[in-house]
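Okay, query-v8.cif is below, mmCIF, C-alpha atoms:
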```
data_final
loop_
_atom_site.label_atom_id
_atom_site.label_comp_id
_atom_site.auth_asym_id
_atom_site.auth_seq_id
_atom_site.Cartn_x
_atom_site.Cartn_y
_atom_site.Cartn_z
CA MET Q 1 -3.21 -7.59 22.96
CA ILE Q 2 -6.14 -6.28 20.88
CA GLY Q 3 -3.88 -3.60 19.38
CA LYS Q 4 -1.38 -6.22 18.30
CA LEU Q 5 -4.16 -8.36 16.83
CA LEU Q 6 -5.57 -5.39 14.88
CA ARG Q 7 -2.16 -4.31 13.62
CA GLU Q 8 -0.53 -7.63 12.74
CA ASN Q 9 -3.04 -10.41 12.05
CA ASN Q 10 -3.65 -11.32 8.39
CA ILE Q 11 -7.17 -12.60 9.05
CA VAL Q 12 -8.05 -9.32 10.74
CA ALA Q 13 -6.56 -7.52 7.72
CA GLY Q 14 -8.98 -9.44 5.50
CA ILE Q 15 -11.95 -8.64 7.74
CA LEU Q 16 -10.94 -4.98 7.89
CA THR Q 17 -10.71 -4.94 4.09
CA VAL Q 18 -14.38 -5.89 3.89
CA VAL Q 19 -15.29 -3.34 6.58
CA ARG Q 20 -13.33 -0.51 4.94
CA ILE Q 21 -14.79 -1.24 1.49
CA TYR Q 22 -18.31 -1.24 2.98
CA LEU Q 23 -17.69 2.01 4.85
CA GLY Q 24 -15.85 3.50 1.87
CA TRP Q 25 -18.78 2.77 -0.42
CA ALA Q 26 -21.12 4.60 1.96
CA TRP Q 27 -18.80 7.64 2.07
CA MET Q 28 -18.13 7.64 -1.66
CA THR Q 29 -21.78 7.41 -2.71
CA ALA Q 30 -22.77 10.13 -0.22
CA GLY Q 31 -20.05 12.41 -1.56
CA TRP Q 32 -20.84 11.68 -5.20
CA GLY Q 33 -24.51 12.39 -4.59
CA LYS Q 34 -23.60 15.75 -3.10
CA ILE Q 35 -21.18 16.65 -5.91
CA THR Q 36 -23.60 15.76 -8.70
CA GLY Q 37 -26.72 16.97 -6.90
CA GLY Q 38 -25.68 20.52 -6.09
CA PHE Q 39 -25.26 20.17 -2.33
CA ASP Q 40 -25.65 23.26 -0.15
CA ALA Q 41 -24.70 22.88 3.52
CA SER Q 42 -26.19 26.20 4.63
CA GLY Q 43 -29.56 24.68 5.58
CA PHE Q 44 -27.92 21.96 7.65
CA LEU Q 45 -25.63 24.47 9.35
CA GLN Q 46 -28.48 26.86 10.14
CA GLY Q 47 -30.55 23.96 11.47
CA ALA Q 48 -27.69 22.90 13.73
CA VAL Q 49 -27.51 26.42 15.16
CA ALA Q 50 -31.29 26.80 15.48
CA ASN Q 51 -31.69 23.40 17.18
CA PRO Q 52 -28.45 22.71 19.09
CA VAL Q 53 -27.89 19.60 21.18
CA THR Q 54 -29.32 20.32 24.62
CA GLY Q 55 -28.90 18.71 28.01
CA PRO Q 56 -31.68 17.60 30.37
CA ASP Q 57 -31.94 21.13 31.77
CA GLY Q 58 -32.37 22.63 28.26
CA SER Q 59 -28.94 24.24 28.10
CA THR Q 60 -26.80 23.93 24.99
CA VAL Q 61 -24.29 21.09 25.43
CA TYR Q 62 -21.78 22.08 22.74
CA SER Q 63 -21.94 25.88 22.89
CA GLY Q 64 -18.42 26.22 21.49
CA TRP Q 65 -19.44 24.19 18.45
CA VAL Q 66 -22.55 26.30 17.93
CA THR Q 67 -20.43 29.46 18.15
CA PHE Q 68 -18.03 28.04 15.54
CA LEU Q 69 -20.94 27.25 13.23
CA GLU Q 70 -22.47 30.73 13.67
CA SER Q 71 -19.29 32.73 13.34
CA PHE Q 72 -17.31 30.74 10.79
CA ALA Q 73 -19.17 27.88 9.11
CA ILE Q 74 -22.39 29.68 8.12
CA PRO Q 75 -20.59 32.72 6.65
CA ASN Q 76 -18.44 30.26 4.66
CA ALA Q 77 -21.21 27.78 3.81
CA GLY Q 78 -20.04 27.54 0.19
CA LEU Q 79 -16.59 26.43 1.30
CA PHE Q 80 -18.08 23.94 3.76
CA SER Q 81 -20.40 22.55 1.08
CA THR Q 82 -17.39 21.89 -1.14
CA LEU Q 83 -15.29 20.45 1.69
CA VAL Q 84 -18.03 18.09 2.83
CA ALA Q 85 -18.92 16.82 -0.65
CA TRP Q 86 -15.35 16.29 -1.82
CA GLY Q 87 -14.22 15.12 1.62
CA GLU Q 88 -16.85 12.39 1.65
CA LEU Q 89 -15.90 11.28 -1.86
CA LEU Q 90 -12.16 11.23 -1.12
CA VAL Q 91 -12.59 9.45 2.22
CA GLY Q 92 -14.66 6.84 0.41
CA LEU Q 93 -12.09 6.37 -2.36
CA GLY Q 94 -9.26 6.13 0.17
CA LEU Q 95 -11.09 3.43 2.11
CA ILE Q 96 -12.22 1.46 -0.95
CA LEU Q 97 -8.78 1.50 -2.57
CA GLY Q 98 -6.93 1.06 0.72
CA CYS Q 99 -4.83 4.12 -0.11
CA LEU Q 100 -3.75 6.27 2.84
CA THR Q 101 -6.32 4.25 4.76
CA THR Q 102 -5.50 5.58 8.23
CA ALA Q 103 -5.75 9.19 7.02
CA ALA Q 104 -9.04 8.44 5.25
CA ALA Q 105 -10.44 6.83 8.41
CA PHE Q 106 -9.26 9.79 10.50
CA PHE Q 107 -10.94 12.38 8.27
CA GLY Q 108 -14.07 10.24 8.13
CA LEU Q 109 -14.11 10.25 11.93
CA VAL Q 110 -13.69 14.04 11.96
CA MET Q 111 -16.73 14.40 9.71
CA ASN Q 112 -18.77 11.87 11.72
CA PHE Q 113 -18.07 13.71 14.97
CA SER Q 114 -18.85 17.05 13.30
CA PHE Q 115 -22.22 15.71 12.19
CA MET Q 116 -22.92 14.37 15.68
CA LEU Q 117 -21.92 17.64 17.37
CA SER Q 118 -24.41 19.32 15.03
CA GLY Q 119 -27.19 17.08 16.33
CA THR Q 120 -27.37 14.43 13.61
CA VAL Q 121 -27.15 10.89 14.93
CA SER Q 122 -28.24 8.80 11.91
CA HIS Q 123 -25.68 6.05 11.18
CA ASN Q 124 -22.76 8.09 12.56
CA PRO Q 125 -22.22 5.91 15.69
CA THR Q 126 -21.75 2.74 13.63
CA ASP Q 127 -19.56 4.61 11.15
CA ILE Q 128 -17.47 5.84 14.07
CA MET Q 129 -17.08 2.30 15.44
CA MET Q 130 -15.90 1.00 12.06
CA GLY Q 131 -13.64 4.01 11.57
CA VAL Q 132 -12.01 3.57 14.97
CA PHE Q 133 -11.17 -0.06 14.23
CA ILE Q 134 -9.76 0.88 10.81
CA ALA Q 135 -7.69 3.76 12.24
CA ALA Q 136 -6.45 1.65 15.18
CA ALA Q 137 -5.33 -1.10 12.82
CA GLY Q 138 -3.10 1.34 10.95
CA TYR Q 139 -1.20 -0.22 8.06
CA ASN Q 140 -2.94 -3.58 8.54
CA ALA Q 141 -6.30 -2.08 7.50
CA GLY Q 142 -4.86 -1.18 4.10
CA LYS Q 143 -2.61 -4.22 3.78
CA TYR Q 144 -4.83 -5.64 1.04
CA GLY Q 145 -5.00 -2.38 -0.85
CA LEU Q 146 -2.78 0.32 -2.28
CA ASP Q 147 -1.19 1.07 1.11
CA ARG Q 148 0.96 -2.01 0.53
CA TYR Q 149 2.70 -0.08 -2.27
CA VAL Q 150 2.05 3.59 -1.47
CA LEU Q 151 3.28 3.68 2.14
CA PRO Q 152 6.72 2.12 1.46
CA TYR Q 153 7.14 4.56 -1.43
CA LEU Q 154 6.23 7.52 0.78
CA ARG Q 155 8.56 6.30 3.56
CA LYS Q 156 11.39 6.00 1.05
CA LEU Q 157 10.65 9.47 -0.29
CA VAL Q 158 10.56 11.04 3.19
CA ASN Q 159 13.68 9.19 4.36
CA LYS Q 160 15.52 10.23 1.19
CA GLY Q 161 15.03 13.86 2.19
CA LYS Q 162 16.23 13.12 5.72
CA ASN Q 163 19.32 11.30 4.44
CA GLU Q 164 20.19 14.16 2.09
CA ALA Q 165 19.77 16.68 4.92
CA SER Q 166 21.96 14.67 7.30
CA GLN Q 167 24.66 14.23 4.63
CA SER Q 168 24.79 17.97 3.95
CA ILE Q 169 25.07 18.71 7.69
CA SER Q 170 27.90 16.22 8.23
CA ALA Q 171 29.83 17.37 5.15
#
```
For the file at hand, write its structure as structure tokens.
Amino acid sequence: MIGKLLRENNIVAGILTVVRIYLGWAWMTAGWGKITGGFDASGFLQGAVANPVTGPDGSTVYSGWVTFLESFAIPNAGLFSTLVAWGELLVGLGLILGCLTTAAAFFGLVMNFSFMLSGTVSHNPTDIMMGVFIAAAGYNAGKYGLDRYVLPYLRKLVNKGKNEASQSISA
């Protein structure tokens, strides 16, 4: 029932438009600040490894995540700095413009969870709640945006390739 409401109701589409523009603005400005301000993720990554999330008994809760950060993210901090800055900007633009909205919400959720696994709570829980509603709404979240035009074009493009492939097989 809630899924149907999120995916089909025009009023919900309007509300989600406001939510996605608000969330998109937060992502876009964070990304732009990092791009223009010379962002370096190495300090954040090292801090996440030095102070991992711990349980009540003092043991590391997400040891696999800490291992990933130590063995892959920190040695490639330059790559991660670029990915985070541009990822935030592109997620924000996707949400504001309503273009590939579900994908933008998904990648925003991936970043939010990555930040939380690294021990940063901040506004991530509220961003996650908004992102989940946007992602669950699918096309309806971008109905009043570019998805209205982009998604049918992409479907036509993908189906054109399928039709050509099936015609060549049957010939």
> So what do you get for CA of Val12 in chain Q versus CA of Lys143 in chain Q, distance-wise?
Replying inline: 10.2 Å
> Taking all atoms listed in the file into account, which of Q:Asn9, Q:Asn159, Q:Thr102, Q:Ser118 comes nearest Val49 in chain Q?
Replying inline: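 Closest to Val49 in chain Q, using all atoms listed in the file: Q:Ser118.
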>> If I take CA of His123 in chain Q and CA of Trp27 in chain Q, how far is one from the other in Å, to one decimal?
In response: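 Rounded to one decimal, the two atoms are 11.5 Å apart.
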>> What would the selection look like, as a ChimeraX atom specification, if the PyMOL selection byres ((chain Q and resi 53-70) around 12) were run on the coordinates I just shared?
In response: /Q:41-52,71-77,80,113-121
The PyMOL selection byres ((chain Q and resi 87) around 12) - which residues does that actually catch in the file I just gave you? List them as a PDB file with C-alpha atoms, keeping the file's coordinate frame.
```pdb
ATOM      1  CA  GLY Q  24     -15.850   3.500   1.870  1.00  0.00           C
ATOM      2  CA  TRP Q  27     -18.800   7.640   2.070  1.00  0.00           C
ATOM      3  CA  MET Q  28     -18.130   7.640  -1.660  1.00  0.00           C
ATOM      4  CA  THR Q  29     -21.780   7.410  -2.710  1.00  0.00           C
ATOM      5  CA  ALA Q  30     -22.770  10.130  -0.220  1.00  0.00           C
ATOM      6  CA  GLY Q  31     -20.050  12.410  -1.560  1.00  0.00           C
ATOM      7  CA  TRP Q  32     -20.840  11.680  -5.200  1.00  0.00           C
ATOM      8  CA  LYS Q  34     -23.600  15.750  -3.100  1.00  0.00           C
ATOM      9  CA  ILE Q  35     -21.180  16.650  -5.910  1.00  0.00           C
ATOM     10  CA  LEU Q  79     -16.590  26.430   1.300  1.00  0.00           C
ATOM     11  CA  PHE Q  80     -18.080  23.940   3.760  1.00  0.00           C
ATOM     12  CA  SER Q  81     -20.400  22.550   1.080  1.00  0.00           C
ATOM     13  CA  THR Q  82     -17.390  21.890  -1.140  1.00  0.00           C
ATOM     14  CA  LEU Q  83     -15.290  20.450   1.690  1.00  0.00           C
ATOM     15  CA  VAL Q  84     -18.030  18.090   2.830  1.00  0.00           C
ATOM     16  CA  ALA Q  85     -18.920  16.820  -0.650  1.00  0.00           C
ATOM     17  CA  TRP Q  86     -15.350  16.290  -1.820  1.00  0.00           C
ATOM     18  CA  GLU Q  88     -16.850  12.390   1.650  1.00  0.00           C
ATOM     19  CA  LEU Q  89     -15.900  11.280  -1.860  1.00  0.00           C
ATOM     20  CA  LEU Q  90     -12.160  11.230  -1.120  1.00  0.00           C
ATOM     21  CA  VAL Q  91     -12.590   9.450   2.220  1.00  0.00           C
ATOM     22  CA  GLY Q  92     -14.660   6.840   0.410  1.00  0.00           C
ATOM     23  CA  LEU Q  93     -12.090   6.370  -2.360  1.00  0.00           C
ATOM     24  CA  GLY Q  94      -9.260   6.130   0.170  1.00  0.00           C
ATOM     25  CA  ALA Q 103      -5.750   9.190   7.020  1.00  0.00           C
ATOM     26  CA  ALA Q 104      -9.040   8.440   5.250  1.00  0.00           C
ATOM     27  CA  ALA Q 105     -10.440   6.830   8.410  1.00  0.00           C
ATOM     28  CA  PHE Q 106      -9.260   9.790  10.500  1.00  0.00           C
ATOM     29  CA  PHE Q 107     -10.940  12.380   8.270  1.00  0.00           C
ATOM     30  CA  GLY Q 108     -14.070  10.240   8.130  1.00  0.00           C
ATOM     31  CA  LEU Q 109     -14.110  10.250  11.930  1.00  0.00           C
ATOM     32  CA  VAL Q 110     -13.690  14.040  11.960  1.00  0.00           C
ATOM     33  CA  MET Q 111     -16.730  14.400   9.710  1.00  0.00           C
ATOM     34  CA  ASN Q 112     -18.770  11.870  11.720  1.00  0.00           C
TER      35      ASN Q 112
END
```
>> Report, in Å with one decimal, the straight-line distance from CA of Asp147 in chain Q to CA of Thr126 in chain Q.
In response: 24.1 Å
>> Counting all atoms listed in the file, which residue out of Q:Ile2, Q:Tyr144, Q:Gly37, Q:Pro125 sits closest to Ile21 in chain Q?
In response: Q:Tyr144
> So, counting all atoms listed in the file, which residue among Q:Gly78, Q:Gly138, Q:Gly38, Q:Gly3 is closest to Leu151 in chain Q?
Replying inline: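 For Leu151 in chain Q, the nearest of the candidates is Q:Gly138.
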>> Given only C-alpha atoms as the basis, pick out the residue of Q:Ala26, Q:Val132, Q:Gly98, Q:Pro152 nearest to Ala13 in chain Q.
In response: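 Result for the nearest residue to Ala13 in chain Q: Q:Gly98.
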> Near Ile134 in chain Q, counting only C-alpha atoms, which residues have an atom at most 8 Å away, once you skip same-chain residues fewer than 3 positions from it, shown as a ChimeraX atom specification?
Replying inline: /Q:16,20,101-102,105,130-131,137-138,141
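Residue nearest Val19 in chain Q within the list Q:Ala136, Q:Leu6, Q:Lys160, Q:Ile96: Q:Ile96 [criterion: smallest interatomic distance, only C-alpha atoms].
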>> Could you check the closest approach to Tyr149 in chain Q for each of Q:Leu23, Q:Met1, Q:Val18, Q:Leu97 and tell me which residue wins, using only C-alpha atoms?
In response: Q:Leu97
